2 protein chains.
Amino acid sequence: MIDGLIDSIVKKGNPTVVGLDPTLEMIPAFIKNEKFGVYGKTPTAVSEMFYEFNRGIIDAVCDLVPAVKPQIAMYEKYGVEGLAAYIRTVAYAKEKGLMVIGDIKRGDIASTAEAYAAHIGGTTIEGEFFDLWQEDAITVNPYLGTDGISPFLKPCVERDKGLFVLVKTSNKSSGELQDRLIEAEPLYCHTADLVGKWGKEAMGSKGYSKVGAVVGATYREEGVALRKRLPHTFFLVPGYGAQGGAGEDLKGYFDKDGIGIIVNSSRGITGAYQKAPSFTANPEGTAFADEARTAVIVMREDLKKAL
Amino acid sequence: MIDGLIDSIVKKGNPTVVGLDPTLEMIPAFIKNEKFGVYGKTPTAVSEMFYEFNRGIIDAVCDLVPAVKPQIAMYEKYGVEGLAAYIRTVAYAKEKGLMVIGDIKRGDIASTAEAYAAHIGGTTIEGEFFDLWQEDAITVNPYLGTDGISPFLKPCVERDKGLFVLVKTSNKSSGELQDRLIEAEPLYCHTADLVGKWGKEAMGSKGYSKVGAVVGATYREEGVALRKRLPHTFFLVPGYGAQGGAGEDLKGYFDKDGIGIIVNSSRGITGAYQKAPSFTANPEGTAFADEARTAVIVMREDLKKAL
């Protein structure tokens with residue numbers, strides 16, 4: 001997974017992952033009206049509109065970016081119908097040659113973590129194998145320690161899948177626990193060291209491990225220090241765009257070869273159409289997706305400033 | 001929710017929550033064979049057998065315990081079909097007068113955490129309200145700080161729901177991060193202080209907050225210290241039984257009135273039949289559930305030793 005991700009980033013010249021975090025407010029009126037018309041004001045209608053919206057975005061950006069990152073919470077909000085749209089989205093993105101990072105932030109122990117590992121490891125029922133979730137990589141939470149991570153390492157090794165462990169998140173209150181000092185270093189550095197250790201068990205062939213870290217764009221100093229601390233850990237970087245991070249803030253997150261991170265933008269890309277005059281003039285068809293494509297190109301150029 | 005939980009614990013004289021964490025290995029052969037026969041080796045078959053198994057357990061224990069705690073990972077492993085069994089289980093338990101603690105350990109920020117909060121807050125689609133998940137309370141992860149918890153407080157206040165925040169988990173490696181010293185106190189104590197602070201925003205009327213804490217049975221000294229530190233925080237206690245904790249280990253987890261905790265047992269109850277001669281003699285019908293009922297009674301008596 002990590003080797004393929006690096007290849008795709010290099011080939012497309014773009015370390016962007018598009019966050020697919022749909023909300024009802026994000027869906028263009030013509031899609032919304034059509035689905036409510038057919039299915040009523042129901043979770044099924046929402047599921048259908050999320051999938052159609054995502055498909056439009058994926059079609060518009062799949063030649064420009066290496067990966068998409070659906071945020072499962074946005075789908076889970078609409079129950080099993082919503083989750084069906086998540087799974088269809090994952091499958092469609094893969095069909096279009098994209099890698100899929102499932103932003104699921106699961107974290108539990110032992111047999112429970114093993115069950116969650118089905119997201120990347122698949123599920124076997126009496127000898128029959130089912131890949132029910134299909135993600136290439138997922139995000140996970142480290143609060144429970146090694147017991148909570150080990151079960152996810154198996155599919156990383158055996159099925160070439162990937163993990164991104166929360167280390168330093170992009171939100172304002174991330175420091176309440178993550179920045180507290182332990183032996184003169186903040187907690188997130190200790191988490192980082194664990195991630196480095198776990199990563200050794202699942203190295204790719206290009207210098208990076210299949211066990212990556214989530215490191216927010218909004219804390220530049222911390223990000224740069226973590227890059228030095230974790231030379232073999234790929235970073236998934238949230239917080240660009242809507243949360244305030246810019247390309248220049250990411251100087252030092254890349255390694256000396258300009259590799260090592262993938263930067264997420266969600267609303268900044270999928271919601272770009274909402275302020276676009278071209279969409280107001282022609283609010284149906286692929287106008288919303290065309291604006292996402294433009295936003296991806298603008299972001300790609302902005303990220304070059306960090307190199 | 002917390003007031004109702006306390007009332008129910010007092011009325012039933014039992015602070016036990018039954019963990020509903022089904023696995024294929026846990027399902028009695030007669031149920032398994034029947035469902036595989038009808039639905040083939042499919043996620044639908046597993047979904048149907050999990051639901052039927054849970055229903056049997058719920059019928060057998062609903063007059064003895066105040067609550068059940070389905071572990072969502074076990075269902076998520078089987079995709080949307082599995083999650084449908086989770087939702088049916090939650091609904092059935094509530095029908096039978098039980099409170100339901102969804103063990104979902106979600107944790108994210110801002111609009112994402114708001115989306116997860118649908119588990120207890122429900123979902124509104126164009127003015128129509130849907131309670132798609134229906135839990136009375138859920139478990140959540142604190143690693144992201146206040147941003148990750150605030151969105152869950154709203155349904156606690158407005159819909160009388162509950163949270164249990166991971167503080168000191170029962171697993172072996174929980175100390176890797178949770179026990180690290182910050183200003184001479186372990187991290188979990190700092191998490192505990194945050195939980196106490198969050199809890200003030202959602203107090204019940206019986207001295208306990210709707211924001212509780214997860215505190216493992218396997219670390220007695222820590223549990224007792226946390227009881228003193230958090231006089232208004234209800235504890236959800238995993239690690240009893242299969243993980244090694246016993247009734248006596250829980251001395252000091254209760255408050256002076258014998259209230260303040262609810263103790264989980266999963267396999268110890270739902271898997272009790274697997275070693276029972278009565279089941280071997282008569283491996284169909286309600287024998288598996290009868291053994292769960294017996295195990296609940298044994299556990300109830302064991303927990304009295306802690307008082």
# chains A, B, ... in the order shown; residues from 1 in each chain; ligands from 1
>>> closest_atom_pairs(of="region 171-230 of chain A", to="region 182-186 of chain B", cutoff="8 Å", atoms="only C-alpha atoms", output="CSV")
residue,atom,partner,partner_atom,distance
A:Arg180,CA,B:Ile182,CA,6.5
A:Leu181,CA,B:Ile182,CA,5.7
A:Ile182,CA,B:Ile182,CA,5.2
A:Glu183,CA,B:Ile182,CA,7.8
>>> residues_around(residues="Pro283 (chain B)", least_positions_apart="4", cutoff="9 Å", atoms="only C-alpha atoms", output="MDAnalysis selection string")
chainID B and resid 28:30 278:279 287:288
>>> closest_atom_pairs(of="chain B", to="chain A", cutoff="8 Å", atoms="only C-alpha atoms", output="tab-separated table")
residue	atom	partner	partner_atom	distance
B:Lys41	CA	A:Ile125	CA	6.2
B:Thr42	CA	A:Ile125	CA	6.9
B:Pro43	CA	A:Ile125	CA	7.7
B:Gln71	CA	A:Thr112	CA	7.7
B:Ala73	CA	A:Tyr116	CA	5.4
B:Met74	CA	A:Ala115	CA	5.6
B:Glu76	CA	A:Tyr116	CA	6.9
B:Lys77	CA	A:Ala115	CA	5.2
B:Tyr78	CA	A:Thr123	CA	6.9
B:Gly79	CA	A:Leu132	CA	5.6
B:Val80	CA	A:Val80	CA	5.6
B:Leu83	CA	A:Val80	CA	6.7
B:Ala84	CA	A:Val80	CA	6.7
B:Lys105	CA	A:Gly107	CA	6.9
B:Arg106	CA	A:Arg106	CA	6.6
B:Gly107	CA	A:Lys105	CA	6.8
B:Asp108	CA	A:Lys105	CA	7.3
B:Ile109	CA	A:Asn171	CA	7.1
B:Thr112	CA	A:Ala73	CA	5.9
B:Ala113	CA	A:Ala73	CA	7.4
B:Ala115	CA	A:Lys77	CA	5.2
B:Tyr116	CA	A:Ala73	CA	5.3
B:Ala117	CA	A:Lys77	CA	7.8
B:Ala118	CA	A:Lys77	CA	5.4
B:His119	CA	A:Lys77	CA	7.3
B:Thr123	CA	A:Lys77	CA	6.6
B:Ile125	CA	A:Lys41	CA	6.2
B:Glu126	CA	A:Lys41	CA	6.6
B:Glu128	CA	A:Lys41	CA	7.1
B:Leu132	CA	A:Gly79	CA	5.6
B:Trp133	CA	A:Gly79	CA	6.7
B:Asn141	CA	A:Tyr143	CA	7.7
B:Tyr143	CA	A:Tyr143	CA	6.5
B:Leu144	CA	A:Ser174	CA	5.0
B:Gly145	CA	A:Ser173	CA	5.3
B:Thr146	CA	A:Ser173	CA	5.9
B:Asp147	CA	A:Ser173	CA	5.8
B:Thr169	CA	A:Leu144	CA	6.9
B:Asn171	CA	A:Ile109	CA	7.1
B:Lys172	CA	A:Asp147	CA	7.3
B:Ser173	CA	A:Gly145	CA	5.3
B:Ser174	CA	A:Leu144	CA	5.0
B:Gly175	CA	A:Gly145	CA	7.3
B:Glu176	CA	A:Gly145	CA	5.6
B:Leu177	CA	A:Gly145	CA	6.4
B:Gln178	CA	A:Tyr143	CA	7.2
B:Arg180	CA	A:Ile182	CA	6.5
B:Leu181	CA	A:Ile182	CA	5.7
B:Ile182	CA	A:Ile182	CA	5.2
B:Glu183	CA	A:Leu181	CA	7.6
B:Leu187	CA	A:Leu177	CA	7.7
B:His190	CA	A:Leu177	CA	7.6
B:Thr191	CA	A:Leu177	CA	7.3
>>> write_last_selection(atoms="N, CA and C atoms", output="compact mmCIF listing (two decimals), in the first residue's frame")
# COMPACT_ATOMS: atom_id res chain seq x y z
N LYS B 41 -23.29 -19.26 3.44
CA LYS B 41 -22.17 -18.73 4.24
C LYS B 41 -21.99 -17.26 3.92
N THR B 42 -22.87 -16.43 4.42
CA THR B 42 -22.92 -15.02 4.05
C THR B 42 -22.99 -14.12 5.28
N PRO B 43 -22.68 -12.84 5.11
CA PRO B 43 -22.87 -11.89 6.21
C PRO B 43 -24.32 -11.85 6.69
N GLN B 71 -20.80 -4.60 21.71
CA GLN B 71 -19.51 -4.10 21.20
C GLN B 71 -19.64 -4.00 19.69
N ALA B 73 -17.76 -3.38 17.22
CA ALA B 73 -16.75 -3.94 16.33
C ALA B 73 -17.12 -5.34 15.85
N MET B 74 -17.73 -6.12 16.77
CA MET B 74 -18.06 -7.51 16.44
C MET B 74 -19.07 -7.58 15.29
N GLU B 76 -19.57 -4.76 13.11
CA GLU B 76 -18.96 -4.03 11.99
C GLU B 76 -18.10 -4.95 11.14
N LYS B 77 -17.51 -5.96 11.79
CA LYS B 77 -16.70 -6.95 11.07
C LYS B 77 -17.49 -7.57 9.91
N TYR B 78 -18.81 -7.64 10.06
CA TYR B 78 -19.64 -8.27 9.02
C TYR B 78 -20.38 -7.22 8.17
N GLY B 79 -19.79 -6.03 8.08
CA GLY B 79 -20.30 -5.01 7.17
C GLY B 79 -21.67 -4.47 7.58
N VAL B 80 -22.40 -3.94 6.61
CA VAL B 80 -23.70 -3.34 6.95
C VAL B 80 -24.69 -4.38 7.45
N LEU B 83 -23.95 -4.70 11.06
CA LEU B 83 -24.42 -3.52 11.80
C LEU B 83 -25.94 -3.50 11.93
N ALA B 84 -26.62 -4.10 10.97
CA ALA B 84 -28.07 -4.22 11.10
C ALA B 84 -28.42 -5.07 12.32
N LYS B 105 -16.50 3.42 21.19
CA LYS B 105 -15.19 4.08 21.35
C LYS B 105 -14.87 5.03 20.19
N ARG B 106 -15.84 5.80 19.75
CA ARG B 106 -15.58 6.77 18.69
C ARG B 106 -14.82 7.96 19.27
N GLY B 107 -14.13 8.68 18.41
CA GLY B 107 -13.43 9.88 18.85
C GLY B 107 -12.96 10.64 17.64
N ASP B 108 -13.48 11.84 17.46
CA ASP B 108 -13.03 12.69 16.37
C ASP B 108 -13.39 14.13 16.74
N ILE B 109 -13.24 15.05 15.82
CA ILE B 109 -13.41 16.45 16.21
C ILE B 109 -14.55 17.13 15.46
N THR B 112 -17.20 16.18 12.61
CA THR B 112 -17.10 14.72 12.55
C THR B 112 -17.63 14.10 13.84
N ALA B 113 -17.23 14.67 14.96
CA ALA B 113 -17.75 14.19 16.25
C ALA B 113 -19.25 14.43 16.32
N ALA B 115 -21.27 14.25 13.88
CA ALA B 115 -21.88 13.18 13.08
C ALA B 115 -21.95 11.89 13.89
N TYR B 116 -20.85 11.54 14.58
CA TYR B 116 -20.88 10.35 15.44
C TYR B 116 -21.92 10.49 16.56
N ALA B 117 -22.14 11.73 17.00
CA ALA B 117 -23.09 11.95 18.10
C ALA B 117 -24.51 11.53 17.72
N ALA B 118 -24.75 11.28 16.43
CA ALA B 118 -26.05 10.75 16.00
C ALA B 118 -26.38 9.45 16.72
N HIS B 119 -25.34 8.72 17.17
CA HIS B 119 -25.61 7.47 17.91
C HIS B 119 -26.55 7.72 19.08
N THR B 123 -30.71 11.69 14.15
CA THR B 123 -30.37 12.31 12.87
C THR B 123 -31.60 13.01 12.33
N ILE B 125 -33.30 14.76 9.02
CA ILE B 125 -33.23 14.91 7.56
C ILE B 125 -34.37 15.82 7.14
N GLU B 126 -34.02 17.05 6.75
CA GLU B 126 -35.04 18.01 6.31
C GLU B 126 -36.22 18.09 7.28
N GLU B 128 -37.25 15.90 9.42
CA GLU B 128 -37.74 14.60 9.91
C GLU B 128 -36.68 14.00 10.84
N LEU B 132 -31.61 6.41 14.48
CA LEU B 132 -31.15 5.26 13.71
C LEU B 132 -30.32 4.28 14.53
N TRP B 133 -29.66 4.75 15.60
CA TRP B 133 -28.78 3.88 16.38
C TRP B 133 -29.36 3.54 17.75
N ASN B 141 -13.50 8.10 23.02
CA ASN B 141 -12.06 8.17 23.23
C ASN B 141 -11.62 9.64 23.43
N TYR B 143 -8.53 11.12 23.25
CA TYR B 143 -7.19 11.54 22.79
C TYR B 143 -7.20 12.91 22.11
N LEU B 144 -8.32 13.31 21.53
CA LEU B 144 -8.36 14.58 20.80
C LEU B 144 -8.77 15.77 21.66
N GLY B 145 -9.03 15.53 22.93
CA GLY B 145 -9.36 16.62 23.84
C GLY B 145 -10.80 17.09 23.74
N THR B 146 -11.07 18.25 24.33
CA THR B 146 -12.43 18.80 24.46
C THR B 146 -13.16 18.88 23.12
N ASP B 147 -12.46 19.26 22.03
CA ASP B 147 -13.09 19.33 20.71
C ASP B 147 -13.75 18.00 20.33
N THR B 169 -7.94 1.95 30.84
CA THR B 169 -8.53 0.74 30.25
C THR B 169 -7.93 -0.51 30.88
N ASN B 171 -6.72 -3.33 29.60
CA ASN B 171 -5.76 -4.19 28.89
C ASN B 171 -4.34 -4.04 29.41
N LYS B 172 -3.49 -5.03 29.07
CA LYS B 172 -2.11 -5.07 29.58
C LYS B 172 -1.29 -3.85 29.19
N SER B 173 -1.39 -3.43 27.93
CA SER B 173 -0.54 -2.33 27.46
C SER B 173 -1.18 -0.96 27.67
N SER B 174 -2.24 -0.90 28.46
CA SER B 174 -2.92 0.39 28.64
C SER B 174 -1.96 1.43 29.22
N GLY B 175 -0.97 0.95 29.97
CA GLY B 175 -0.05 1.88 30.62
C GLY B 175 0.94 2.57 29.70
N GLU B 176 1.11 2.05 28.47
CA GLU B 176 2.13 2.61 27.58
C GLU B 176 1.97 4.11 27.42
N LEU B 177 0.74 4.56 27.27
CA LEU B 177 0.49 6.00 27.28
C LEU B 177 -0.20 6.43 28.57
N GLN B 178 -1.20 5.67 28.99
CA GLN B 178 -2.07 6.12 30.10
C GLN B 178 -1.34 6.26 31.44
N ARG B 180 1.93 7.11 31.77
CA ARG B 180 3.12 7.99 31.72
C ARG B 180 2.88 9.19 32.63
N LEU B 181 3.93 9.57 33.35
CA LEU B 181 3.78 10.64 34.35
C LEU B 181 3.84 12.04 33.74
N ILE B 182 2.87 12.84 34.09
CA ILE B 182 2.80 14.24 33.70
C ILE B 182 2.66 15.04 35.00
N GLU B 183 3.61 15.89 35.28
CA GLU B 183 3.59 16.61 36.57
C GLU B 183 3.33 15.65 37.73
N LEU B 187 -0.92 10.03 33.10
CA LEU B 187 -1.81 10.63 32.10
C LEU B 187 -3.28 10.37 32.40
N HIS B 190 -4.98 12.88 34.43
CA HIS B 190 -5.28 14.13 33.72
C HIS B 190 -6.52 13.95 32.84
N THR B 191 -6.61 12.77 32.21
CA THR B 191 -7.84 12.47 31.46
C THR B 191 -9.03 12.51 32.41
>>> atom_distance(atom1="CA of Lys35 (chain A)", atom2="CA of Ala281 (chain A)")
22.3 Å
>>> select_by_dssp(residues="region 81-182 of chain B", states="helix (DSSP H, G or I)", output="MDAnalysis selection string")
chainID B and resid 81:95 110:116 118:121 146:158 172:178
>>> write_last_selection(atoms="C-alpha atoms", output="mmCIF file, in the first residue's frame")
data_model
loop_
_atom_site.group_PDB
_atom_site.id
_atom_site.type_symbol
_atom_site.label_atom_id
_atom_site.label_comp_id
_atom_site.auth_asym_id
_atom_site.auth_seq_id
_atom_site.Cartn_x
_atom_site.Cartn_y
_atom_site.Cartn_z
ATOM 1 C CA GLU B 81 -25.435 -6.680 7.500
ATOM 2 C CA GLY B 82 -23.562 -7.068 10.774
ATOM 3 C CA LEU B 83 -24.415 -3.518 11.802
ATOM 4 C CA ALA B 84 -28.074 -4.217 11.096
ATOM 5 C CA ALA B 85 -27.865 -6.946 13.766
ATOM 6 C CA TYR B 86 -26.298 -4.412 16.145
ATOM 7 C CA ILE B 87 -29.193 -2.016 15.630
ATOM 8 C CA ARG B 88 -31.829 -4.756 15.955
ATOM 9 C CA THR B 89 -30.129 -5.880 19.183
ATOM 10 C CA VAL B 90 -30.172 -2.357 20.618
ATOM 11 C CA ALA B 91 -33.855 -1.991 19.751
ATOM 12 C CA TYR B 92 -34.790 -5.382 21.209
ATOM 13 C CA ALA B 93 -32.934 -4.735 24.479
ATOM 14 C CA LYS B 94 -34.747 -1.419 24.897
ATOM 15 C CA GLU B 95 -38.068 -3.110 24.193
ATOM 16 C CA ALA B 110 -15.902 19.166 15.372
ATOM 17 C CA SER B 111 -18.389 18.307 12.624
ATOM 18 C CA THR B 112 -17.102 14.722 12.548
ATOM 19 C CA ALA B 113 -17.747 14.191 16.247
ATOM 20 C CA GLU B 114 -21.154 15.804 15.726
ATOM 21 C CA ALA B 115 -21.877 13.185 13.084
ATOM 22 C CA TYR B 116 -20.882 10.350 15.441
ATOM 23 C CA ALA B 118 -26.048 10.753 16.000
ATOM 24 C CA HIS B 119 -25.608 7.469 17.907
ATOM 25 C CA ILE B 120 -27.204 9.141 20.931
ATOM 26 C CA GLY B 121 -28.518 12.365 19.422
ATOM 27 C CA THR B 146 -12.433 18.796 24.462
ATOM 28 C CA ASP B 147 -13.091 19.326 20.706
ATOM 29 C CA GLY B 148 -13.710 15.597 20.488
ATOM 30 C CA ILE B 149 -16.111 15.457 23.450
ATOM 31 C CA SER B 150 -18.193 18.668 23.316
ATOM 32 C CA PRO B 151 -20.412 17.546 20.426
ATOM 33 C CA PHE B 152 -21.455 14.521 22.470
ATOM 34 C CA LEU B 153 -22.470 16.625 25.486
ATOM 35 C CA LYS B 154 -25.406 18.170 23.663
ATOM 36 C CA PRO B 155 -27.468 14.952 23.411
ATOM 37 C CA CYS B 156 -26.485 14.148 27.020
ATOM 38 C CA VAL B 157 -28.141 17.381 28.128
ATOM 39 C CA GLU B 158 -30.957 17.641 25.595
ATOM 40 C CA LYS B 172 -2.114 -5.069 29.580
ATOM 41 C CA SER B 173 -0.540 -2.333 27.462
ATOM 42 C CA SER B 174 -2.916 0.390 28.641
ATOM 43 C CA GLY B 175 -0.047 1.881 30.620
ATOM 44 C CA GLU B 176 2.133 2.608 27.579
ATOM 45 C CA LEU B 177 0.492 6.003 27.278
ATOM 46 C CA GLN B 178 -2.070 6.115 30.097
#
>>> select_by_dssp(residues="region 54-123 of chain B", states="strand (DSSP E or B)", output="ChimeraX atom specification")
/B:67-71,99-106,123
>>> decode(residues="region 272-287 of chain A", atoms="N, CA and C atoms", output="PDB file, in the first residue's frame")
ATOM      1  N   ALA A 272     -15.846  23.627  -2.963  1.00  0.00           N
ATOM      2  CA  ALA A 272     -15.329  24.798  -3.705  1.00  0.00           C
ATOM      3  C   ALA A 272     -16.421  25.412  -4.584  1.00  0.00           C
ATOM      4  N   TYR A 273     -17.299  24.560  -5.101  1.00  0.00           N
ATOM      5  CA  TYR A 273     -18.331  25.048  -6.023  1.00  0.00           C
ATOM      6  C   TYR A 273     -19.290  26.043  -5.371  1.00  0.00           C
ATOM      7  N   GLN A 274     -19.409  25.958  -4.035  1.00  0.00           N
ATOM      8  CA  GLN A 274     -20.437  26.767  -3.371  1.00  0.00           C
ATOM      9  C   GLN A 274     -20.204  28.270  -3.498  1.00  0.00           C
ATOM     10  N   LYS A 275     -18.943  28.643  -3.733  1.00  0.00           N
ATOM     11  CA  LYS A 275     -18.653  30.073  -3.891  1.00  0.00           C
ATOM     12  C   LYS A 275     -18.345  30.444  -5.342  1.00  0.00           C
ATOM     13  N   ALA A 276     -18.505  29.472  -6.250  1.00  0.00           N
ATOM     14  CA  ALA A 276     -18.044  29.699  -7.626  1.00  0.00           C
ATOM     15  C   ALA A 276     -19.138  30.304  -8.508  1.00  0.00           C
ATOM     16  N   PRO A 277     -18.860  31.434  -9.182  1.00  0.00           N
ATOM     17  CA  PRO A 277     -19.837  32.037 -10.093  1.00  0.00           C
ATOM     18  C   PRO A 277     -20.261  31.071 -11.203  1.00  0.00           C
ATOM     19  N   SER A 278     -19.328  30.220 -11.670  1.00  0.00           N
ATOM     20  CA  SER A 278     -19.661  29.296 -12.758  1.00  0.00           C
ATOM     21  C   SER A 278     -20.759  28.327 -12.342  1.00  0.00           C
ATOM     22  N   PHE A 279     -20.776  27.972 -11.060  1.00  0.00           N
ATOM     23  CA  PHE A 279     -21.816  27.064 -10.566  1.00  0.00           C
ATOM     24  C   PHE A 279     -23.150  27.792 -10.442  1.00  0.00           C
ATOM     25  N   THR A 280     -23.100  29.026  -9.941  1.00  0.00           N
ATOM     26  CA  THR A 280     -24.337  29.815  -9.811  1.00  0.00           C
ATOM     27  C   THR A 280     -24.984  29.995 -11.185  1.00  0.00           C
ATOM     28  N   ALA A 281     -24.146  30.186 -12.194  1.00  0.00           N
ATOM     29  CA  ALA A 281     -24.647  30.384 -13.553  1.00  0.00           C
ATOM     30  C   ALA A 281     -25.247  29.095 -14.128  1.00  0.00           C
ATOM     31  N   ASN A 282     -24.711  27.947 -13.683  1.00  0.00           N
ATOM     32  CA  ASN A 282     -25.123  26.673 -14.273  1.00  0.00           C
ATOM     33  C   ASN A 282     -25.110  25.594 -13.192  1.00  0.00           C
ATOM     34  N   PRO A 283     -26.112  25.619 -12.302  1.00  0.00           N
ATOM     35  CA  PRO A 283     -26.027  24.818 -11.066  1.00  0.00           C
ATOM     36  C   PRO A 283     -26.396  23.353 -11.225  1.00  0.00           C
ATOM     37  N   GLU A 284     -26.302  22.799 -12.420  1.00  0.00           N
ATOM     38  CA  GLU A 284     -26.575  21.363 -12.568  1.00  0.00           C
ATOM     39  C   GLU A 284     -25.405  20.668 -13.256  1.00  0.00           C
ATOM     40  N   GLY A 285     -25.597  19.417 -13.613  1.00  0.00           N
ATOM     41  CA  GLY A 285     -24.551  18.690 -14.331  1.00  0.00           C
ATOM     42  C   GLY A 285     -23.279  18.554 -13.518  1.00  0.00           C
ATOM     43  N   THR A 286     -22.127  18.704 -14.187  1.00  0.00           N
ATOM     44  CA  THR A 286     -20.862  18.452 -13.510  1.00  0.00           C
ATOM     45  C   THR A 286     -20.189  19.724 -13.001  1.00  0.00           C
ATOM     46  N   ALA A 287     -20.930  20.829 -12.937  1.00  0.00           N
ATOM     47  CA  ALA A 287     -20.293  22.088 -12.516  1.00  0.00           C
ATOM     48  C   ALA A 287     -19.652  21.970 -11.133  1.00  0.00           C
TER      49      ALA A 287
END
